[in-house]
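Colleague: Have a peek at entry-v1.csv (CSV, C-alpha atoms).
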chain,number,residue,atom,x,y,z
D,1,MET,CA,-10.2,38.6,-19.6
D,2,PRO,CA,-11.3,35.1,-20.5
D,3,ASP,CA,-10.1,32.4,-18.1
D,4,ILE,CA,-9.3,30.0,-21.0
D,5,SER,CA,-7.1,30.8,-24.0
D,6,ASP,CA,-9.2,29.3,-26.8
D,7,TYR,CA,-7.0,28.9,-30.0
D,8,ASP,CA,-10.1,27.8,-31.9
D,9,LYS,CA,-11.6,31.3,-31.8
D,10,LEU,CA,-9.2,32.5,-34.5
D,11,ASP,CA,-8.3,29.1,-35.9
D,12,TYR,CA,-4.8,29.7,-34.6
D,13,ASP,CA,-2.2,27.1,-35.9
D,14,TYR,CA,0.3,26.8,-33.0
D,15,SER,CA,2.7,24.8,-35.2
D,16,THR,CA,3.5,28.1,-37.1
D,17,TYR,CA,4.9,29.6,-33.9
D,18,TRP,CA,7.8,27.1,-34.0
D,19,GLU,CA,8.8,27.5,-37.6
D,20,LYS,CA,11.7,29.8,-36.7
D,21,ARG,CA,12.4,28.6,-33.2
D,22,GLU,CA,14.6,25.5,-33.7
D,23,TYR,CA,16.9,26.5,-30.9
D,24,GLU,CA,14.2,26.9,-28.3
D,25,ASN,CA,12.6,23.6,-29.5
D,26,SER,CA,15.9,21.7,-29.2
D,27,ALA,CA,16.7,23.3,-25.8
D,28,GLU,CA,13.4,22.2,-24.3
D,29,LYS,CA,13.6,18.7,-25.7
D,30,HIS,CA,17.1,18.3,-24.3
D,31,ILE,CA,15.8,18.9,-20.8
D,32,LEU,CA,12.7,16.6,-21.2
D,33,ASN,CA,14.8,13.8,-22.7
D,34,LYS,CA,17.1,13.9,-19.6
D,35,ILE,CA,14.1,13.7,-17.3
D,36,PHE,CA,11.9,11.1,-19.1
D,37,ASN,CA,14.4,8.7,-20.8
D,38,PRO,CA,15.1,6.9,-17.5
D,39,LYS,CA,11.5,6.8,-16.5
D,40,HIS,CA,9.0,4.0,-17.0
D,41,GLY,CA,5.2,4.0,-16.4
D,42,ASN,CA,1.8,3.3,-17.8
D,43,TRP,CA,-0.4,6.3,-18.4
D,44,PHE,CA,1.1,9.7,-19.2
D,45,LEU,CA,-0.6,13.0,-19.8
D,46,ASP,CA,0.8,15.9,-22.0
D,47,ILE,CA,-1.4,18.8,-21.0
D,48,GLY,CA,-1.7,21.4,-23.7
D,49,GLY,CA,0.3,19.1,-26.0
D,50,SER,CA,-1.2,20.6,-29.1
D,51,TYR,CA,0.2,19.1,-32.3
D,52,GLY,CA,2.5,16.7,-30.4
D,53,ARG,CA,5.7,18.7,-30.5
D,54,LEU,CA,7.1,17.0,-27.4
D,55,THR,CA,5.8,13.5,-27.8
D,56,SER,CA,9.2,12.0,-28.7
D,57,THR,CA,10.5,12.9,-25.3
D,58,TYR,CA,8.2,10.6,-23.3
D,59,TYR,CA,6.7,8.2,-25.9
D,60,ASN,CA,9.2,5.4,-25.3
D,61,SER,CA,9.0,5.7,-21.5
D,62,TYR,CA,5.2,5.4,-20.9
D,63,ASN,CA,2.9,2.8,-22.4
D,64,LYS,CA,-0.2,4.8,-22.8
D,65,PRO,CA,0.3,8.5,-23.5
D,66,ILE,CA,-2.5,11.1,-23.9
D,67,ILE,CA,-2.3,14.5,-25.5
D,68,LEU,CA,-4.9,16.8,-24.0
D,69,ASP,CA,-5.6,20.3,-25.4
D,70,TYR,CA,-8.5,22.7,-25.3
D,71,SER,CA,-8.2,23.3,-29.1
D,72,LEU,CA,-10.3,20.6,-30.8
D,73,LYS,CA,-9.3,22.0,-34.2
D,74,THR,CA,-5.6,21.6,-33.5
D,75,LEU,CA,-6.1,17.9,-32.5
D,76,GLN,CA,-8.2,17.2,-35.5
D,77,ARG,CA,-5.8,19.0,-37.8
D,78,ASN,CA,-2.8,17.0,-36.6
D,79,LYS,CA,-4.4,13.6,-35.7
D,80,GLU,CA,-3.2,11.7,-38.7
D,81,ILE,CA,0.4,13.0,-38.4
D,82,ILE,CA,0.6,12.3,-34.7
D,83,LYS,CA,-0.9,8.8,-35.0
D,84,SER,CA,1.3,7.8,-37.8
D,85,LYS,CA,4.4,8.6,-35.7
D,86,TYR,CA,3.1,7.6,-32.3
D,87,PRO,CA,0.3,5.1,-32.8
D,88,ASN,CA,-0.3,4.5,-29.0
D,89,VAL,CA,-1.1,8.2,-28.3
D,90,GLU,CA,-4.7,9.1,-27.5
D,91,LEU,CA,-6.0,12.6,-28.3
D,92,ILE,CA,-8.6,14.4,-26.1
D,93,ALA,CA,-10.0,17.9,-26.1
D,94,ALA,CA,-10.6,19.1,-22.6
D,95,ASN,CA,-10.4,22.0,-20.1
D,96,ALA,CA,-7.2,21.8,-17.9
D,97,TYR,CA,-9.2,23.0,-14.9
D,98,LYS,CA,-11.7,20.1,-15.3
D,99,MET,CA,-10.0,17.1,-16.8
D,100,PRO,CA,-12.0,14.0,-17.7
D,101,PHE,CA,-9.9,11.5,-15.7
D,102,LYS,CA,-10.3,9.5,-12.5
D,103,ASP,CA,-8.2,10.2,-9.5
D,104,ASN,CA,-4.7,8.7,-9.4
D,105,SER,CA,-4.7,7.6,-13.1
D,106,PHE,CA,-1.3,8.8,-14.4
D,107,ASP,CA,2.3,7.8,-13.7
D,108,GLY,CA,3.7,10.9,-15.4
D,109,GLY,CA,2.7,14.2,-16.9
D,110,LEU,CA,4.0,17.6,-18.2
D,111,MET,CA,2.8,21.1,-19.0
D,112,VAL,CA,5.2,23.1,-21.3
D,113,ARG,CA,4.5,26.6,-22.7
D,114,VAL,CA,0.9,26.6,-21.4
D,115,LEU,CA,1.0,27.9,-17.8
D,116,HIS,CA,1.3,31.5,-19.1
D,117,HIS,CA,-2.3,30.9,-20.5
D,118,ILE,CA,-3.6,29.7,-17.2
D,119,GLU,CA,-5.3,32.5,-15.2
D,120,LYS,CA,-5.9,30.2,-12.2
D,121,PRO,CA,-2.7,28.2,-11.6
D,122,LYS,CA,-3.7,27.2,-8.1
D,123,THR,CA,-6.9,25.6,-9.5
D,124,TYR,CA,-5.0,23.9,-12.2
D,125,ILE,CA,-2.2,22.5,-10.0
D,126,LYS,CA,-4.8,21.1,-7.6
D,127,GLU,CA,-6.5,19.4,-10.5
D,128,VAL,CA,-3.3,17.9,-11.9
D,129,SER,CA,-2.4,16.6,-8.4
D,130,ARG,CA,-5.8,14.9,-8.3
D,131,ILE,CA,-5.2,12.8,-11.5
D,132,LEU,CA,-1.6,11.8,-10.8
D,133,ASN,CA,-0.4,8.8,-9.0
D,134,ASN,CA,1.6,8.7,-5.8
D,135,ASN,CA,5.4,9.0,-6.7
D,136,SER,CA,4.5,10.1,-10.2
D,137,THR,CA,6.8,12.4,-12.2
D,138,TYR,CA,5.4,15.8,-13.3
D,139,VAL,CA,7.2,18.5,-15.2
D,140,GLN,CA,6.0,22.1,-14.9
D,141,GLU,CA,7.5,24.7,-17.3
D,142,TYR,CA,6.7,28.4,-16.8
D,143,ALA,CA,7.7,31.8,-18.1
D,144,ASN,CA,10.1,33.4,-15.6
D,145,LYS,CA,9.2,37.0,-14.7
D,146,VAL,CA,12.6,37.7,-13.1
D,147,HIS,CA,14.9,36.5,-15.9
D,148,ILE,CA,18.0,38.6,-16.4
D,149,LYS,CA,16.9,40.8,-19.3
D,150,ALA,CA,13.6,41.7,-17.5
D,151,ALA,CA,15.4,42.3,-14.2
D,152,ILE,CA,18.0,44.6,-15.7
D,153,LYS,CA,15.3,46.6,-17.6
D,154,SER,CA,13.2,47.0,-14.5
D,155,VAL,CA,16.1,48.1,-12.3
D,156,LEU,CA,17.2,50.7,-14.9
D,157,LYS,CA,13.7,52.1,-14.8
D,158,LEU,CA,13.7,52.0,-10.9
D,159,ASN,CA,10.7,49.7,-11.1
D,160,PHE,CA,11.1,47.0,-8.5
D,161,ASP,CA,7.6,45.5,-8.8
D,162,ILE,CA,9.1,42.7,-11.0
D,163,PHE,CA,10.6,41.2,-7.9
D,164,SER,CA,7.2,40.7,-6.2
D,165,GLU,CA,5.7,37.2,-6.3
D,166,GLU,CA,2.6,38.4,-8.1
D,167,PRO,CA,2.3,37.2,-11.7
D,168,TYR,CA,3.1,39.7,-14.4
D,169,GLN,CA,0.6,40.1,-17.3
D,170,GLN,CA,2.5,40.7,-20.5
D,171,PRO,CA,1.2,43.4,-22.8
D,172,LYS,CA,-0.3,42.4,-26.1
D,173,ARG,CA,2.2,42.3,-28.9
D,174,GLY,CA,0.3,41.7,-32.0
D,175,SER,CA,-0.5,38.0,-31.6
D,176,ASN,CA,-3.9,37.3,-30.2
D,177,GLU,CA,-3.5,33.5,-30.1
D,178,GLY,CA,-6.5,32.5,-27.9
D,179,THR,CA,-8.2,35.8,-27.8
D,180,THR,CA,-10.1,38.2,-30.1
D,181,GLU,CA,-9.0,41.7,-30.8
D,182,SER,CA,-11.4,43.1,-28.2
D,183,GLU,CA,-10.3,40.8,-25.4
D,184,LYS,CA,-7.4,41.0,-23.1
D,185,ASN,CA,-5.0,38.1,-23.6
D,186,ILE,CA,-3.8,35.7,-20.9
D,187,PHE,CA,0.0,35.8,-20.9
D,188,LEU,CA,1.4,35.5,-17.4
D,189,ASN,CA,5.0,35.4,-16.3
D,190,TYR,CA,5.6,33.9,-12.9
D,191,HIS,CA,8.0,34.4,-10.0
D,192,PRO,CA,9.9,31.1,-9.2
D,193,SER,CA,9.0,31.4,-5.5
D,194,HIS,CA,5.3,31.7,-6.4
D,195,ILE,CA,5.3,28.5,-8.5
D,196,LYS,CA,7.3,26.6,-5.9
D,197,LYS,CA,4.7,27.4,-3.2
D,198,LEU,CA,1.8,26.5,-5.5
D,199,LEU,CA,3.4,23.1,-6.2
D,200,GLU,CA,4.4,22.4,-2.6
D,201,ASN,CA,0.9,23.2,-1.4
D,202,GLU,CA,-0.4,20.3,-3.5
D,203,ASN,CA,2.3,17.8,-2.2
D,204,PHE,CA,4.7,18.2,-5.1
D,205,SER,CA,8.4,18.2,-4.2
D,206,ILE,CA,10.9,19.7,-6.7
D,207,VAL,CA,13.5,17.1,-7.7
D,208,LYS,CA,15.4,19.3,-10.0
D,209,LYS,CA,15.2,22.8,-11.5
D,210,TYR,CA,16.3,23.5,-15.1
D,211,GLY,CA,16.9,26.8,-16.7
D,212,CYS,CA,16.1,26.9,-20.5
D,213,SER,CA,16.6,29.0,-23.5
D,214,PHE,CA,19.4,31.1,-21.9
D,215,LEU,CA,20.4,32.5,-25.4
D,216,ARG,CA,16.9,33.4,-26.5
D,217,SER,CA,17.6,36.6,-28.4
D,218,PRO,CA,17.1,37.7,-32.0
D,219,PHE,CA,20.5,39.3,-31.9
D,220,ILE,CA,22.3,36.1,-30.9
D,221,LYS,CA,20.3,34.1,-33.4
D,222,LYS,CA,21.7,36.3,-36.2
D,223,LEU,CA,25.3,35.7,-35.0
D,224,LEU,CA,25.2,32.0,-34.2
D,225,ASN,CA,23.7,29.0,-35.9
D,226,GLU,CA,21.5,26.5,-34.0
D,227,ASN,CA,24.3,24.0,-33.4
D,228,ILE,CA,26.6,26.5,-31.8
D,229,MET,CA,23.7,27.9,-29.7
D,230,MET,CA,22.8,24.4,-28.5
D,231,PHE,CA,26.5,23.7,-27.6
D,232,PHE,CA,26.5,26.7,-25.2
D,233,GLU,CA,22.9,26.1,-24.1
D,234,ILE,CA,23.8,22.6,-22.8
D,235,ILE,CA,26.7,24.0,-20.9
D,236,MET,CA,24.5,26.8,-19.4
D,237,GLN,CA,21.8,24.3,-18.4
D,238,ASP,CA,24.4,22.3,-16.6
D,239,MET,CA,26.1,25.2,-14.9
D,240,LEU,CA,23.4,27.9,-14.3
D,241,SER,CA,20.1,26.1,-13.7
D,242,TRP,CA,20.4,26.9,-10.0
D,243,SER,CA,19.9,30.6,-10.9
D,244,ASN,CA,16.8,32.5,-12.1
D,245,ILE,CA,18.4,34.2,-15.1
D,246,SER,CA,16.8,32.1,-17.9
D,247,PRO,CA,13.4,33.2,-19.5
D,248,SER,CA,12.0,29.7,-19.1
D,249,ILE,CA,12.2,27.4,-16.1
D,250,PHE,CA,11.5,23.6,-16.0
D,251,LEU,CA,10.7,21.9,-12.7
D,252,GLU,CA,11.0,18.2,-12.4
D,253,CYS,CA,8.6,17.3,-9.6
D,254,LYS,CA,7.6,14.2,-7.6
D,255,LEU,CA,4.1,13.9,-6.2
D,256,SER,CA,3.6,12.3,-2.7
D,257,LYS,CA,0.2,11.0,-1.7
D,258,SER,CA,0.2,9.3,1.6
D,259,GLU,CA,-3.1,7.6,1.2
D,260,ALA,CA,-3.4,7.3,-2.5
D,261,GLU,CA,-4.3,3.9,-4.1
D,262,ASN,CA,-2.4,3.4,-7.4
D,263,ILE,CA,-4.8,1.6,-9.8
D,264,GLU,CA,-3.6,0.1,-13.1
D,265,TYR,CA,-6.2,1.0,-15.6
D,266,ALA,CA,-6.1,-1.1,-18.7
D,267,ASP,CA,-8.1,0.9,-21.3
D,268,LEU,CA,-8.9,4.6,-22.0
D,269,LYS,CA,-12.6,4.1,-21.1
D,270,ASP,CA,-11.5,2.9,-17.6
D,271,VAL,CA,-9.5,6.1,-17.0
D,272,LEU,CA,-12.3,8.5,-18.1
D,273,HIS,CA,-15.0,10.1,-16.1
D,274,CYS,CA,-17.3,13.1,-16.4
D,275,PRO,CA,-15.3,16.3,-16.2
D,276,ASP,CA,-18.3,18.2,-14.8
D,277,CYS,CA,-19.5,16.0,-11.9
D,278,LYS,CA,-16.9,13.3,-11.9
D,279,GLY,CA,-19.5,10.6,-12.4
D,280,ASP,CA,-18.9,7.3,-14.2
D,281,LEU,CA,-19.6,7.2,-18.0
D,282,ASN,CA,-21.4,4.9,-20.3
D,283,ILE,CA,-19.1,4.9,-23.3
D,284,ASP,CA,-19.6,3.5,-26.8
D,285,GLN,CA,-17.4,4.2,-29.9
D,286,GLU,CA,-18.7,7.7,-30.6
D,287,LYS,CA,-20.6,8.9,-27.5
D,288,ALA,CA,-20.2,9.0,-23.7
D,289,ILE,CA,-23.1,9.7,-21.3
D,290,CYS,CA,-22.6,10.5,-17.6
D,291,LYS,CA,-24.4,8.1,-15.4
D,292,SER,CA,-24.9,10.8,-12.7
D,293,CYS,CA,-25.6,14.1,-14.5
D,294,SER,CA,-26.6,12.8,-17.9
D,295,LYS,CA,-24.3,15.1,-19.7
D,296,GLU,CA,-23.3,13.9,-23.2
D,297,PHE,CA,-19.9,13.9,-24.8
D,298,PHE,CA,-19.0,13.0,-28.4
D,299,LYS,CA,-16.1,11.9,-30.5
D,300,LYS,CA,-15.6,14.4,-33.3
D,301,GLU,CA,-13.5,13.4,-36.3
D,302,GLY,CA,-11.8,10.8,-34.1
D,303,ILE,CA,-11.2,13.1,-31.2
D,304,TRP,CA,-13.1,12.9,-27.9
D,305,ASP,CA,-14.5,16.3,-26.9
D,306,PHE,CA,-14.8,16.6,-23.1
D,307,ARG,CA,-14.6,20.4,-23.0
D,308,VAL,CA,-16.7,22.0,-20.3
D,309,LYS,CA,-16.5,25.5,-18.9
Would you mind writing the file out in structure tokens?
Modeller:
Amino acid sequence: MPDISDYDKLDYDYSTYWEKREYENSAEKHILNKIFNPKHGNWFLDIGGSYGRLTSTYYNSYNKPIILDYSLKTLQRNKEIIKSKYPNVELIAANAYKMPFKDNSFDGGLMVRVLHHIEKPKTYIKEVSRILNNNSTYVQEYANKVHIKAAIKSVLKLNFDIFSEEPYQQPKRGSNEGTTESEKNIFLNYHPSHIKKLLENENFSIVKKYGCSFLRSPFIKKLLNENIMMFFEIIMQDMLSWSNISPSIFLECKLSKSEAENIEYADLKDVLHCPDCKGDLNIDQEKAICKSCSKEFFKKEGIWDFRVK
């Protein structure tokens, strides 16, 4: 199994996934708007932000947003559309395990619909903790392995493994996304207790938990239109988010760093460093060279490529 889901291998266009998922899209944006509308800050990082689906939820709250994604092709394909709507957004291709940013750079961040592709969540959460400021807001979404439909199916089969805290690898269902036909795909569902422990181990405290997409079902979608589904979704988010019955869970987190120095970086070049050795960079308009390890990085069709394995 690869440790990175690389959508560029099959030139996978993630925007096509959302063409018939208006309800899920609206349900997720409703939560993020509630979280980020009251917030204010400087640098913000959308990790796995792809074609900018969620940019509207944080763009007016943070001065300098960055969309980071491992898929360089996705960022290149959508650059003009994103920049026309959100001119202050920077786009960077990079590995979420090795992000090209200095410590304590960001006042906020999120990862939505990506953790299921992260084989090493402990490594990732440690990395995101490194780049966030003290008292920053971070939103972590994950696929919930013990949602009500999965729990009922498992109990009926007398299979109680689902209630363990070990991540559940979903079987392949025809969509390779970031893998080839011959590879196993990374698609992990997580137990809420497992994610909570990983976050708390890196000094994140959970401010609020939100259940999401309570009505995610092809059958319900045939019966109800999006507006009616969202009417009930909002009620269920308000009343049932304490539970673990929804297929998707959002955690609004606050990071506490007792000895962190919050630095106000003015420009993108001030925030960046070498993702491999964390050395300082010499940066011009199209090229960056690490002063320590001499590794070179390039801007490709307007997108900085800082991907390293």
Colleague: Could you work out how far atom CA of Thr74 of chain D lies from atom CA of Phe187 of chain D, giving the answer in Å with one decimal?
Modeller: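 Those two atoms sit 19.8 Å apart.
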Colleague: Using all atoms listed in the file, which protein or nucleic acid residues come within 9 Å of Val114 of chain D? Drop anything in the same chain fewer than 2 positions from it, and give the result as an mmCIF file with C-alpha atoms, in the coordinates of the input.
Modeller:
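Full text of selection_13.cif as output:
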data_model
loop_
_atom_site.group_PDB
_atom_site.id
_atom_site.type_symbol
_atom_site.label_atom_id
_atom_site.label_comp_id
_atom_site.auth_asym_id
_atom_site.auth_seq_id
_atom_site.Cartn_x
_atom_site.Cartn_y
_atom_site.Cartn_z
ATOM 1 C CA ILE D 47 -1.400 18.800 -21.000
ATOM 2 C CA GLY D 48 -1.700 21.400 -23.700
ATOM 3 C CA GLY D 49 0.300 19.100 -26.000
ATOM 4 C CA MET D 111 2.800 21.100 -19.000
ATOM 5 C CA VAL D 112 5.200 23.100 -21.300
ATOM 6 C CA HIS D 116 1.300 31.500 -19.100
ATOM 7 C CA HIS D 117 -2.300 30.900 -20.500
ATOM 8 C CA ILE D 118 -3.600 29.700 -17.200
ATOM 9 C CA GLU D 141 7.500 24.700 -17.300
ATOM 10 C CA TYR D 142 6.700 28.400 -16.800
#
Colleague: Residues at most 8 Å from Met99 of chain D, counting only C-alpha atoms, excluding those fewer than 3 positions away in the same chain, as a PDB file with C-alpha atoms, keeping the file's coordinate frame?
Modeller:
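Dumped everything to out-v5.pdb:
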ATOM      1  CA  ALA D  94     -10.600  19.100 -22.600  1.00  0.00           C
ATOM      2  CA  ASN D  95     -10.400  22.000 -20.100  1.00  0.00           C
ATOM      3  CA  ALA D  96      -7.200  21.800 -17.900  1.00  0.00           C
ATOM      4  CA  GLU D 127      -6.500  19.400 -10.500  1.00  0.00           C
ATOM      5  CA  PRO D 275     -15.300  16.300 -16.200  1.00  0.00           C
ATOM      6  CA  PHE D 306     -14.800  16.600 -23.100  1.00  0.00           C
TER       7      PHE D 306
END
Colleague: Using all atoms listed in the file, which residue out of D:Lys145, D:Glu19, D:Ser5, D:Asn189 lies closest to Ile162 of chain D?
Modeller: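 Comparing D:Lys145, D:Glu19, D:Ser5, D:Asn189 against Ile162 of chain D, the winner is D:Lys145.
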Colleague: Considering only C-alpha atoms, state which residue in the set D:Leu255, D:Ile81, D:Ile67, D:Leu115 is at the smallest distance from Ala93 of chain D.
Modeller: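 Among the listed residues, the smallest separation from Ala93 of chain D belongs to D:Ile67.
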Colleague: For Ser292 of chain D, which residue out of D:Lys209, D:His40, D:Lys153, D:Lys278 is the nearest one, using all atoms listed in the file?
Modeller: D:Lys278
